[in-house]
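S.K.: Questions regarding the structure given below will be posed in turn.
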Amino acid sequence: MSSQQTLFSQEFNSRSSSPSSTTASAYSVKREKLVKLQPDARQKLRSKLASMLEEVTELGPSVLVSATYDGERRVAVLKFYDPEKDRIFLWSDRSGHKPYCFSKEPRESLLHLIEDRDDITGIESVEKYDPLTDRKIVVSKIIATDPLAIGGQEKSLRNKMTCWEADIKYYENYLYDTGLLVGAHYRIESGEIKAVPFETPKEVRDSLRRTITSSKPEMARQIEEWASLLNQPIIPIKRAALDIEVLSPENRIPNPKEALYPIVAASLVSDGLKRLYLLKRDGLREGDENALPKEAEILIFDSEAELLISLFIDILDFPFIVTFNGDDFDLDYLYHRAQRPEIGLSRDEIPIVLGTTFAGLKHGVHIDLYKTFTNRSLQIYAFGNKYTDHTLNGVADGLLGKSKIVFDGLIGDLPLYELAKYNLNDTELTYELTTFSDGILMKLLQVIARVGKMPIDDLSRIGVSNWIRSMLYFEHRRMNALIPRPEELQQKGGAKSEAVIKGKKYKGGLVIEPKTGVHFNVSVLDFASLYPSIIKVYNVSYETINCPHEECRSNVIPEVGNWRCTRKVGIESLVVGSLRDLRVDYYKQLTKSKALSAEEKELYRIVSQGLKVILNASYGVLGFESFPLYCLPAAEAVATLGRYAITRTIEKCRELGIDVVYSDTDSLFLQAPSEDQIRQVSEWTQKELGIEIDVDKVYRYVAMSQRKKNYFGVLEDGTVDLKGLTGKKSQTPQFIKNSFYDILEILSKVKTREDFDSAREEIKKRLREDYLKLKERKISMDDLAFNVMIGKEISGYKDSIPQHVRAAQLLQKSGKEIKAGDIISFVKTTTGDGAKPAALTRKEEVDIDKYLEYMKSTFDQILGSLGYEFDEILGATKLEDFFWSGSS
């Protein structure tokens, strides 16, 4: 062993024994030198992991970030992140809190459960508030020894009898009952958890006071409580990204449960850290070491076991680990591979813990970014729909402007440093997804955890409906309200309006026919959070629609005939309404305050954005069948009242002499309204409807096609705003996309009607160039490719097989592994089934006519709104005449 290797071993073992030691300096060895661990490295790993899992009884100000259940000790375990020590500490419940559910059967008739089952320890009669009947009732609380006695296995109570609140995870129940808030700051003294108070700036307190003063008493209390929670500081979180590479035959994704093939590369990336763990293999070319960044630390191991031990010890230095698809692959594979006989690690040497559908960390929190970025609400409302492909490459391209490294052949054939470069690039992309835009993602997760009342790792994996479910469940528990069962909510009835869109259950938002053509100086008036406002103003909640009070029956909802409660504020109305007021009247105003620092305003901007994500989904969940509080009449009421609000406002605009060009759900497009007219409309909606409306944007001009939700506009600064146009879609071939955006660039420069003449000539020239390249087959297969995701395994397509699946079948026959979620690049051809993979298509096989048809359908959407026709713009009668007209 060289002197440098000896030094490394000493540093490694010294660092291993101390959880808080620094990682960056421990590997200061030359890149090419092999790493050799000392014989007691495994014991050091066990000791370090054990020390990380020791419970804490004293802890300075920290943030509650997660919760779990210890099945062996049968207690809830909370995870607190200490920003001073950059570490997560564990705390276990000592109060004797037990799993439970409720029954409406009398206690006496359930006592047999205690005799019949050893997992039921008690039954108590307790009083609960029943929101559906608006009265207090007595129910039986069934107390169990273990959560599985309530739900999760065949003999669970919820499978044997009718239970209430039996579907809630135990640690969620624990958080609801104790009132502990994920994302909030606490300290621990003598084993007791205590809230950390925070003082807010005077400007912030004054703004809150104004918001509360203008609210109803019950709403004011809720707003004040929300503000005290959401105004707490958002902390920076220490984290590292992780990615592994497995030496599998034919580039097939190996089964993580079997973990048959060796891990040949892994990497960790964090602030100031780019560390590679590489397995030395006989006969493998090294390649060019200079292909890697100079700051990269390269550790080469003789054995895979040593590589994994080293990796696991380093993972323990990070309280948060982020991966891209780590639940289903990286952590899952590491967990099972480490226990293979050829590796031989035991479970108490592995920092990973597996759940049914996720992989976690014993000492910390794991966030799988694949599941996070698949969340549609985050995709649309937090990240502006900048990506539509949910692969690492697709998300990174959309948000970072970066992509994965592309190579031909197999992972196993890559030279050592080329493999390292490929692996490190994936890990860097994963880490950058948590750091771009000043770390917006990690900040949003903290805000959403506070609102959703759930662990950060849980909320990062699930949809917004579950955030709202948890938020409302917390409120029920705080009010001592019994959460209704789905069949109870079904008794509210079905929808009474007829859906316009196929597949919908009721009539949705109002969209009026657009006035086709070009309209200059168009102001778009937008209702401030229309549906959340309706939920608040009109008191819409599952229990307030068709409530049990006879006197409320006259408070009828227009069109559908259902009624709304006038006696009691609904739970959803209270929660959603208070969040809506907080965002619109408080946080959005604070972001504009000149009296606050940039750091303070950034906090309030992040909070406002997090609230926007949740509020925009608060209506949709009411009509989502999988939502536990699904109530179709309530969802229909919101849509009906939304149409009512828009219709009344349109009537008011016309009464004021304003020409309404178009309306879409919560927006009105008004032709050249004056400032006074806008003021009158705004004051009227506030007074008559109780809903605010304001100018959202002003178009220099907007071009409306004949189709609803299809238009483009040019804002006053020249920015092009697109809605529903084909050329914008991710699957559109690149050469059509390029032409599409070039044409929009031409149109963005139009300022007067006269400018359209020269714009038309430029557009004709640009389209003719594309046609010539297409006809002469000078466009690359990559630029011709349609890119479509495989939604399920190829074997799952039986009756109807789309073109991209047929192309995928050809790829599969050529030896390439295809799995659900892969993006298939295919070209329309004159051969076979009319489509072939781009990589297998020859230029003479391209179906020129099909691409011309696609060009026509794409550009007709733009040109039609301008009064042109794609194949008639030059007076041509045929498509080819259009392109050749006027040429010499």
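Here, A, B, ... name the chains of the structure tokens in the order displayed, residue numbers run from 1 inside each chain, and ligands are numbered from 1 in the same displayed order.
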In region 58-305 of chain A, what's helix (DSSP H, G or I) per DSSP? Answer as number ranges by chain?
M.R.: A: 107-110, 112-116, 147-150, 157-159, 170-178, 202-213, 217-230, 249-251, 289-291, 304-305
S.K.: So, counting only C-alpha atoms, which residue among A:Ile120, A:Leu157, A:Ala50, A:Leu590 is closest to Ile350 (chain A)?
M.R.: A:Ala50
S.K.: Could the residues of region 66-128 of chain A that have an atom at most 12 Å from region 447-462 of chain A be listed as JSON lines, each with its closest atom pair and the distance in Å to one decimal, counting only C-alpha atoms and ordered by chain and ascending residue number?
M.R.:
{"residue": "A:Ser66", "atom": "CA", "partner": "A:Pro455", "partner_atom": "CA", "distance": 4.2}
{"residue": "A:Ala67", "atom": "CA", "partner": "A:Pro455", "partner_atom": "CA", "distance": 6.0}
{"residue": "A:Thr68", "atom": "CA", "partner": "A:Pro455", "partner_atom": "CA", "distance": 8.7}
{"residue": "A:Val77", "atom": "CA", "partner": "A:Pro455", "partner_atom": "CA", "distance": 11.6}
{"residue": "A:Leu78", "atom": "CA", "partner": "A:Pro455", "partner_atom": "CA", "distance": 9.5}
{"residue": "A:Lys79", "atom": "CA", "partner": "A:Pro455", "partner_atom": "CA", "distance": 9.2}
{"residue": "A:Phe80", "atom": "CA", "partner": "A:Pro455", "partner_atom": "CA", "distance": 10.9}
{"residue": "A:Tyr81", "atom": "CA", "partner": "A:Ile456", "partner_atom": "CA", "distance": 11.6}
S.K.: Interatomic distance between CA of Gln491 (chain A) and CA of Val537 (chain A)?
M.R.: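 Taking CA of Gln491 (chain A) as the start and CA of Val537 (chain A) as the end point, the length is 24.6 Å.
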S.K.: Return the single residue from A:Val827, A:Leu361, A:Val569, A:Ala635 that is closest to Ile848 (chain A), with distances computed using only C-alpha atoms.
M.R.: A:Val827
S.K.: With only C-alpha atoms as the counted atoms, please give the residues lying no more than 8 Å from region 220-237 of chain A, apart from itself and same-chain residues fewer than 4 positions off, as a short mmCIF file (atom, residue, chain, number, x, y, z; two decimals) with N, CA, C and O atoms, in the first residue's frame.
M.R.:
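So the final result, stored in selection_26.cif, reads:
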data_model
loop_
_atom_site.label_atom_id
_atom_site.label_comp_id
_atom_site.auth_asym_id
_atom_site.auth_seq_id
_atom_site.Cartn_x
_atom_site.Cartn_y
_atom_site.Cartn_z
N PRO A 83 -30.43 23.17 11.40
CA PRO A 83 -29.67 23.89 10.38
C PRO A 83 -28.29 24.32 10.86
O PRO A 83 -27.41 24.59 10.03
N ASP A 86 -26.45 20.93 10.46
CA ASP A 86 -26.68 20.30 9.16
C ASP A 86 -26.92 18.80 9.31
O ASP A 86 -26.35 17.97 8.61
N ALA A 184 -42.47 23.53 10.55
CA ALA A 184 -42.40 24.54 11.61
C ALA A 184 -41.14 24.34 12.45
O ALA A 184 -40.53 23.26 12.47
N HIS A 185 -40.75 25.39 13.17
CA HIS A 185 -39.53 25.37 13.99
C HIS A 185 -39.86 24.98 15.43
O HIS A 185 -40.80 25.53 16.03
N PHE A 198 -41.31 33.42 16.69
CA PHE A 198 -40.60 34.32 15.78
C PHE A 198 -41.26 35.69 15.78
O PHE A 198 -42.49 35.81 15.85
N THR A 200 -41.97 39.07 13.66
CA THR A 200 -42.02 39.53 12.28
C THR A 200 -41.87 41.05 12.22
O THR A 200 -42.20 41.75 13.18
N LEU A 208 -50.79 42.30 8.07
CA LEU A 208 -51.63 41.20 8.53
C LEU A 208 -52.85 41.76 9.27
O LEU A 208 -53.97 41.27 9.10
N ILE A 212 -56.73 40.97 8.41
CA ILE A 212 -57.62 40.36 9.40
C ILE A 212 -58.83 41.26 9.67
O ILE A 212 -59.97 40.78 9.79
N THR A 213 -58.59 42.56 9.74
CA THR A 213 -59.68 43.51 10.03
C THR A 213 -60.78 43.45 8.99
O THR A 213 -61.97 43.61 9.30
N SER A 215 -61.72 40.84 7.38
CA SER A 215 -62.26 39.48 7.27
C SER A 215 -63.30 39.20 8.34
O SER A 215 -63.33 39.86 9.39
N LYS A 216 -64.13 38.21 8.09
CA LYS A 216 -65.09 37.76 9.09
C LYS A 216 -64.35 37.09 10.23
O LYS A 216 -63.26 36.55 10.04
N PHE A 320 -30.34 15.01 3.71
CA PHE A 320 -31.25 14.82 2.58
C PHE A 320 -30.48 14.24 1.40
O PHE A 320 -29.40 14.75 1.06
N MET A 442 -36.70 23.28 -3.12
CA MET A 442 -36.59 22.92 -1.70
C MET A 442 -37.39 23.89 -0.83
O MET A 442 -37.95 23.50 0.20
N LYS A 443 -37.45 25.13 -1.24
CA LYS A 443 -38.23 26.12 -0.48
C LYS A 443 -39.72 25.84 -0.62
O LYS A 443 -40.47 25.91 0.36
N GLN A 446 -40.89 23.02 1.59
CA GLN A 446 -41.08 23.41 2.99
C GLN A 446 -42.41 24.12 3.19
O GLN A 446 -43.12 23.87 4.17
N VAL A 447 -42.76 25.02 2.27
CA VAL A 447 -44.03 25.74 2.37
C VAL A 447 -45.21 24.78 2.26
O VAL A 447 -46.16 24.83 3.04
N ARG A 450 -45.90 22.76 5.32
CA ARG A 450 -46.61 23.51 6.35
C ARG A 450 -48.11 23.56 6.07
O ARG A 450 -48.92 23.41 6.97
N LEU A 574 -63.73 27.48 4.85
CA LEU A 574 -62.91 28.15 5.87
C LEU A 574 -61.42 28.03 5.53
O LEU A 574 -60.69 29.02 5.54
N VAL A 575 -60.98 26.82 5.22
CA VAL A 575 -59.55 26.59 4.97
C VAL A 575 -59.12 27.22 3.65
O VAL A 575 -58.14 27.98 3.59
N SER A 578 -59.47 31.14 3.71
CA SER A 578 -58.42 31.84 4.48
C SER A 578 -57.09 31.83 3.74
O SER A 578 -56.36 32.83 3.74
N LEU A 579 -56.78 30.72 3.08
CA LEU A 579 -55.54 30.67 2.29
C LEU A 579 -55.61 31.61 1.10
O LEU A 579 -54.61 32.26 0.74
N ASP A 581 -57.37 34.45 0.88
CA ASP A 581 -57.21 35.82 1.37
C ASP A 581 -55.77 36.10 1.75
O ASP A 581 -55.24 37.18 1.51
N LEU A 582 -55.15 35.11 2.35
CA LEU A 582 -53.76 35.27 2.77
C LEU A 582 -52.85 35.51 1.56
O LEU A 582 -51.97 36.37 1.59
N LEU A 603 -39.01 35.46 0.84
CA LEU A 603 -39.78 34.50 1.64
C LEU A 603 -41.25 34.57 1.28
O LEU A 603 -41.89 33.54 1.03
N TYR A 604 -41.80 35.78 1.22
CA TYR A 604 -43.23 35.93 0.97
C TYR A 604 -43.58 35.57 -0.47
O TYR A 604 -44.69 35.10 -0.74
N VAL A 607 -43.78 31.74 -0.42
CA VAL A 607 -45.02 31.33 0.26
C VAL A 607 -46.21 31.54 -0.68
O VAL A 607 -47.08 30.66 -0.81
#
S.K.: Identify all residues of region 650-879 of chain A in strand (DSSP E) (DSSP on the backbone) and supply them as a count of residues only.
M.R.: 45
S.K.: Return the single residue from A:Arg643, A:Arg580, A:Arg777, A:His363 that is closest to Lys48 (chain A), with distances computed using only C-alpha atoms.
M.R.: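 Nearest to Lys48 (chain A): A:His363.
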S.K.: To one decimal place in Å, what is the distance between CA of Thr647 (chain A) and CA of Gly384 (chain A)?
M.R.: 28.4 Å
S.K.: Env of Thr372 (chain A): 12 Å cut, atoms = only C-alpha atoms, seq-sep filter 3 positions within chain, self excluded. Answer as a ChimeraX atom specification.
M.R.: /A:322-327,366-369,375-379,382-383,390-392,395,430,433-434,441-442,444-445,456-464
S.K.: Take the residues that were just selected and, keeping N, CA and C atoms, output them as a short mmCIF file (atom, residue, chain, number, x, y, z; two decimals), in the first residue's frame.
M.R.:
data_model
loop_
_atom_site.label_atom_id
_atom_site.label_comp_id
_atom_site.auth_asym_id
_atom_site.auth_seq_id
_atom_site.Cartn_x
_atom_site.Cartn_y
_atom_site.Cartn_z
N VAL A 322 -31.16 13.33 -2.66
CA VAL A 322 -32.11 13.45 -3.78
C VAL A 322 -31.64 12.55 -4.91
N THR A 323 -32.58 11.92 -5.56
CA THR A 323 -32.31 11.05 -6.71
C THR A 323 -33.32 11.36 -7.80
N PHE A 324 -33.12 10.76 -8.95
CA PHE A 324 -34.14 10.80 -10.00
C PHE A 324 -34.50 9.35 -10.29
N ASN A 325 -35.65 8.93 -9.74
CA ASN A 325 -36.15 7.56 -9.80
C ASN A 325 -35.44 6.64 -8.82
N GLY A 326 -34.98 7.23 -7.71
CA GLY A 326 -34.32 6.43 -6.69
C GLY A 326 -35.23 5.48 -5.95
N ASP A 327 -36.53 5.78 -5.88
CA ASP A 327 -37.48 4.87 -5.23
C ASP A 327 -37.53 3.53 -5.94
N HIS A 366 -35.19 11.04 1.97
CA HIS A 366 -34.91 10.81 0.55
C HIS A 366 -36.03 11.43 -0.28
N ILE A 367 -35.64 12.22 -1.27
CA ILE A 367 -36.61 12.82 -2.18
C ILE A 367 -36.34 12.30 -3.59
N ASP A 368 -37.33 11.65 -4.16
CA ASP A 368 -37.24 11.14 -5.53
C ASP A 368 -37.79 12.21 -6.46
N LEU A 369 -36.90 12.90 -7.16
CA LEU A 369 -37.32 14.03 -8.00
C LEU A 369 -38.16 13.59 -9.19
N ASN A 375 -45.52 15.63 -10.69
CA ASN A 375 -46.68 16.28 -10.10
C ASN A 375 -47.16 17.40 -11.03
N ARG A 376 -48.39 17.26 -11.55
CA ARG A 376 -48.91 18.20 -12.55
C ARG A 376 -49.08 19.61 -12.00
N SER A 377 -49.47 19.71 -10.74
CA SER A 377 -49.66 21.04 -10.17
C SER A 377 -48.35 21.80 -10.07
N LEU A 378 -47.29 21.11 -9.65
CA LEU A 378 -45.97 21.75 -9.60
C LEU A 378 -45.50 22.08 -11.01
N GLN A 379 -45.71 21.14 -11.92
CA GLN A 379 -45.28 21.34 -13.31
C GLN A 379 -45.90 22.61 -13.91
N ALA A 382 -46.02 25.92 -10.55
CA ALA A 382 -44.74 26.34 -9.95
C ALA A 382 -43.67 26.54 -11.01
N PHE A 383 -43.70 25.70 -12.06
CA PHE A 383 -42.63 25.75 -13.05
C PHE A 383 -43.09 26.15 -14.44
N HIS A 390 -41.24 13.92 -18.60
CA HIS A 390 -40.89 13.77 -17.19
C HIS A 390 -39.62 12.97 -16.94
N THR A 391 -38.87 12.67 -17.98
CA THR A 391 -37.58 12.02 -17.78
C THR A 391 -36.57 13.04 -17.26
N LEU A 392 -35.43 12.56 -16.74
CA LEU A 392 -34.38 13.47 -16.28
C LEU A 392 -33.95 14.39 -17.41
N VAL A 395 -36.89 17.04 -18.07
CA VAL A 395 -37.04 18.06 -17.02
C VAL A 395 -35.82 18.98 -17.01
N THR A 430 -29.36 16.18 -11.54
CA THR A 430 -30.30 15.93 -10.43
C THR A 430 -30.13 16.98 -9.33
N LEU A 433 -31.40 20.50 -10.23
CA LEU A 433 -32.85 20.66 -10.19
C LEU A 433 -33.32 21.12 -8.81
N THR A 434 -32.46 20.99 -7.80
CA THR A 434 -32.81 21.48 -6.46
C THR A 434 -32.14 22.82 -6.15
N LEU A 441 -37.23 24.81 -5.51
CA LEU A 441 -37.92 23.55 -5.23
C LEU A 441 -37.88 23.22 -3.74
N MET A 442 -36.70 23.28 -3.12
CA MET A 442 -36.59 22.92 -1.70
C MET A 442 -37.39 23.89 -0.83
N LEU A 444 -40.15 25.51 -1.84
CA LEU A 444 -41.56 25.21 -2.04
C LEU A 444 -42.00 23.99 -1.23
N LEU A 445 -41.14 22.99 -1.17
CA LEU A 445 -41.48 21.78 -0.43
C LEU A 445 -41.69 22.10 1.06
N ILE A 456 -42.16 16.04 4.39
CA ILE A 456 -41.64 16.54 3.11
C ILE A 456 -41.42 15.39 2.13
N ASP A 457 -40.87 14.26 2.59
CA ASP A 457 -40.64 13.15 1.67
C ASP A 457 -41.94 12.57 1.14
N ASP A 458 -42.98 12.55 1.95
CA ASP A 458 -44.28 12.06 1.48
C ASP A 458 -44.86 12.98 0.41
N LEU A 459 -44.90 14.27 0.71
CA LEU A 459 -45.56 15.19 -0.23
C LEU A 459 -44.80 15.29 -1.54
N SER A 460 -43.48 15.03 -1.52
CA SER A 460 -42.70 15.11 -2.74
C SER A 460 -43.01 13.97 -3.70
N ARG A 461 -43.69 12.93 -3.19
CA ARG A 461 -43.98 11.75 -4.00
C ARG A 461 -45.42 11.67 -4.48
N ILE A 462 -46.32 12.46 -3.92
CA ILE A 462 -47.74 12.27 -4.19
C ILE A 462 -48.36 13.52 -4.78
N GLY A 463 -49.57 13.37 -5.29
CA GLY A 463 -50.26 14.47 -5.96
C GLY A 463 -50.87 15.47 -5.02
N VAL A 464 -51.28 16.59 -5.60
CA VAL A 464 -51.80 17.70 -4.81
C VAL A 464 -53.09 17.33 -4.08
#
S.K.: So that I can see what lies close to Glu342 (chain A), please list as a list in words the residues with an atom at most 12 Å from it, counting only C-alpha atoms and leaving out residues fewer than 3 positions away in the same chain.
M.R.: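 Once the adjacent positions are removed, what remains is Ala259, Leu260, Tyr261, Pro262, Ser303, Glu304, Ala305, Glu306, His336, Arg337, Ala338, Gln339 and Leu345 of chain A.
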S.K.: Work out how far apart CA of Leu279 (chain A) and CA of Phe301 (chain A) are and give it in Å to one decimal.
M.R.: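 So the two atoms, CA of Leu279 (chain A) and CA of Phe301 (chain A), lie 5.0 Å apart.
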S.K.: Compile the contact shell of Pro558 (chain A) as a PyMOL selection string: residues with an atom at most 9 Å away, counting only C-alpha atoms, same-chain residues fewer than 2 positions apart removed.
M.R.: chain A and resi 556+560-562+637+640-641+644
S.K.: Would you mind exporting N, CA and C atoms of the selected residues as a tab-separated table (two decimals), in the first residue's frame?
M.R.:
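New file out.tsv:
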chain	number	residue	atom	x	y	z
A	556	VAL	N	-80.72	29.01	-3.05
A	556	VAL	CA	-80.54	28.10	-4.19
A	556	VAL	C	-79.38	28.54	-5.09
A	560	VAL	N	-78.68	24.72	-11.12
A	560	VAL	CA	-78.73	23.33	-10.69
A	560	VAL	C	-79.78	23.06	-9.60
A	561	GLY	N	-80.19	24.09	-8.85
A	561	GLY	CA	-81.26	23.91	-7.87
A	561	GLY	C	-80.83	23.39	-6.52
A	562	ASN	N	-79.55	23.02	-6.33
A	562	ASN	CA	-79.08	22.65	-5.00
A	562	ASN	C	-79.00	23.91	-4.13
A	637	ALA	N	-71.29	22.94	-8.00
A	637	ALA	CA	-71.69	24.26	-7.50
A	637	ALA	C	-70.63	25.30	-7.81
A	640	THR	N	-70.72	26.05	-11.53
A	640	THR	CA	-71.94	26.80	-11.85
A	640	THR	C	-71.83	28.25	-11.42
A	641	LEU	N	-71.35	28.46	-10.22
A	641	LEU	CA	-71.20	29.83	-9.70
A	641	LEU	C	-70.10	30.58	-10.45
A	644	TYR	N	-71.76	31.74	-13.55
A	644	TYR	CA	-72.65	32.84	-13.16
A	644	TYR	C	-71.85	34.13	-13.03
S.K.: Name all residues at most 12 Å from Glu769 (chain A) (count only C-alpha atoms; drop same-chain ones fewer than 4 positions away) and give them as a PyMOL selection string.
M.R.: chain A and resi 735-736+739+762-765+773-776+778-779+883-884+887
S.K.: Generate the output file for the selected residues, all heavy atoms, as a compact mmCIF listing (two decimals), in the first residue's frame.
M.R.:
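Final output, saved to selection-v5.txt:
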# COMPACT_ATOMS: atom_id res chain seq x y z
N PHE A 735 -38.11 20.44 -36.72
CA PHE A 735 -38.02 21.37 -37.85
C PHE A 735 -39.31 22.21 -37.97
O PHE A 735 -39.27 23.38 -38.33
CB PHE A 735 -37.71 20.62 -39.16
CG PHE A 735 -38.90 20.26 -40.00
CD1 PHE A 735 -39.31 21.09 -41.04
CD2 PHE A 735 -39.60 19.09 -39.78
CE1 PHE A 735 -40.40 20.75 -41.83
CE2 PHE A 735 -40.68 18.75 -40.56
CZ PHE A 735 -41.09 19.58 -41.59
N ILE A 736 -40.46 21.62 -37.59
CA ILE A 736 -41.70 22.39 -37.59
C ILE A 736 -41.72 23.35 -36.40
O ILE A 736 -42.16 24.49 -36.51
CB ILE A 736 -42.92 21.45 -37.56
CG1 ILE A 736 -42.98 20.64 -38.86
CG2 ILE A 736 -44.22 22.23 -37.37
CD1 ILE A 736 -44.14 19.67 -38.94
N SER A 739 -39.60 26.37 -37.31
CA SER A 739 -40.33 27.25 -38.23
C SER A 739 -41.45 27.98 -37.50
O SER A 739 -41.68 29.18 -37.71
CB SER A 739 -40.90 26.42 -39.38
OG SER A 739 -41.52 27.26 -40.33
N GLU A 762 -42.55 37.63 -45.32
CA GLU A 762 -41.49 36.91 -44.60
C GLU A 762 -41.94 35.49 -44.25
O GLU A 762 -41.15 34.54 -44.32
CB GLU A 762 -41.13 37.66 -43.31
CG GLU A 762 -40.30 38.91 -43.51
CD GLU A 762 -39.79 39.45 -42.17
OE1 GLU A 762 -38.96 38.77 -41.54
OE2 GLU A 762 -40.24 40.54 -41.78
N ILE A 763 -43.20 35.36 -43.84
CA ILE A 763 -43.72 34.04 -43.49
C ILE A 763 -43.73 33.13 -44.71
O ILE A 763 -43.35 31.96 -44.64
CB ILE A 763 -45.13 34.17 -42.88
CG1 ILE A 763 -45.05 34.86 -41.52
CG2 ILE A 763 -45.80 32.80 -42.74
CD1 ILE A 763 -46.39 35.25 -40.94
N LYS A 764 -44.18 33.68 -45.85
CA LYS A 764 -44.20 32.88 -47.09
C LYS A 764 -42.80 32.38 -47.42
O LYS A 764 -42.60 31.22 -47.77
CB LYS A 764 -44.74 33.74 -48.23
CG LYS A 764 -46.25 33.95 -48.19
CD LYS A 764 -46.72 35.13 -49.02
CE LYS A 764 -46.23 35.08 -50.45
NZ LYS A 764 -46.70 36.26 -51.23
N LYS A 765 -41.83 33.26 -47.29
CA LYS A 765 -40.44 32.90 -47.61
C LYS A 765 -39.95 31.79 -46.68
O LYS A 765 -39.33 30.82 -47.12
CB LYS A 765 -39.55 34.13 -47.49
CG LYS A 765 -38.08 33.86 -47.80
CD LYS A 765 -37.26 35.14 -47.63
CE LYS A 765 -35.78 34.85 -47.88
NZ LYS A 765 -34.95 36.07 -47.67
N LYS A 773 -36.56 22.10 -48.36
CA LYS A 773 -35.69 21.18 -47.61
C LYS A 773 -36.36 19.83 -47.42
O LYS A 773 -35.73 18.78 -47.50
CB LYS A 773 -35.34 21.79 -46.25
CG LYS A 773 -34.38 22.96 -46.31
CD LYS A 773 -34.13 23.49 -44.90
CE LYS A 773 -33.25 24.72 -44.93
NZ LYS A 773 -33.06 25.28 -43.56
N LEU A 774 -37.67 19.88 -47.14
CA LEU A 774 -38.41 18.65 -46.93
C LEU A 774 -38.48 17.84 -48.21
O LEU A 774 -38.19 16.63 -48.22
CB LEU A 774 -39.82 18.98 -46.43
CG LEU A 774 -40.74 17.81 -46.09
CD1 LEU A 774 -40.17 17.00 -44.93
CD2 LEU A 774 -42.14 18.30 -45.75
N LYS A 775 -38.81 18.49 -49.32
CA LYS A 775 -38.96 17.78 -50.58
C LYS A 775 -37.65 17.21 -51.07
O LYS A 775 -37.60 16.12 -51.66
CB LYS A 775 -39.56 18.72 -51.63
CG LYS A 775 -39.97 17.99 -52.91
CD LYS A 775 -40.87 18.85 -53.76
CE LYS A 775 -41.37 18.04 -54.96
NZ LYS A 775 -42.31 18.80 -55.78
N GLU A 776 -36.56 17.93 -50.83
CA GLU A 776 -35.23 17.47 -51.26
C GLU A 776 -34.58 16.56 -50.22
O GLU A 776 -33.42 16.18 -50.36
CB GLU A 776 -34.34 18.69 -51.53
CG GLU A 776 -34.82 19.51 -52.73
CD GLU A 776 -34.11 20.85 -52.84
OE1 GLU A 776 -33.11 21.04 -52.11
OE2 GLU A 776 -34.54 21.68 -53.65
N LYS A 778 -33.51 17.02 -47.15
CA LYS A 778 -32.31 17.58 -46.54
C LYS A 778 -32.47 17.80 -45.03
O LYS A 778 -31.62 18.41 -44.40
CB LYS A 778 -31.94 18.90 -47.21
CG LYS A 778 -31.47 18.75 -48.65
CD LYS A 778 -31.08 20.10 -49.23
CE LYS A 778 -30.56 19.95 -50.66
NZ LYS A 778 -30.20 21.26 -51.26
N ILE A 779 -33.59 17.34 -44.48
CA ILE A 779 -33.83 17.50 -43.04
C ILE A 779 -33.44 16.21 -42.31
O ILE A 779 -33.80 15.12 -42.75
CB ILE A 779 -35.31 17.84 -42.76
CG1 ILE A 779 -35.68 19.15 -43.47
CG2 ILE A 779 -35.57 17.98 -41.26
CD1 ILE A 779 -37.14 19.51 -43.40
N PHE A 883 -46.49 26.96 -52.44
CA PHE A 883 -45.06 27.09 -52.21
C PHE A 883 -44.31 27.59 -53.44
O PHE A 883 -43.33 28.32 -53.31
CB PHE A 883 -44.48 25.74 -51.75
CG PHE A 883 -44.84 25.40 -50.34
CD1 PHE A 883 -45.77 24.43 -50.05
CD2 PHE A 883 -44.26 26.08 -49.29
CE1 PHE A 883 -46.10 24.13 -48.75
CE2 PHE A 883 -44.59 25.80 -47.98
CZ PHE A 883 -45.51 24.82 -47.71
N TRP A 884 -44.78 27.21 -54.62
CA TRP A 884 -44.02 27.58 -55.82
C TRP A 884 -44.50 28.88 -56.44
O TRP A 884 -43.86 29.42 -57.32
CB TRP A 884 -44.09 26.45 -56.86
CG TRP A 884 -43.28 25.27 -56.39
CD1 TRP A 884 -43.74 24.14 -55.82
CD2 TRP A 884 -41.86 25.15 -56.42
NE1 TRP A 884 -42.71 23.30 -55.49
CE2 TRP A 884 -41.54 23.88 -55.87
CE3 TRP A 884 -40.82 25.96 -56.88
CZ2 TRP A 884 -40.24 23.43 -55.75
CZ3 TRP A 884 -39.51 25.51 -56.77
CH2 TRP A 884 -39.22 24.26 -56.20
N SER A 887 -42.23 32.04 -57.57
CA SER A 887 -40.81 31.70 -57.66
C SER A 887 -40.39 31.63 -59.10
O SER A 887 -41.18 31.43 -60.01
CB SER A 887 -40.55 30.36 -56.96
OG SER A 887 -41.26 29.34 -57.62
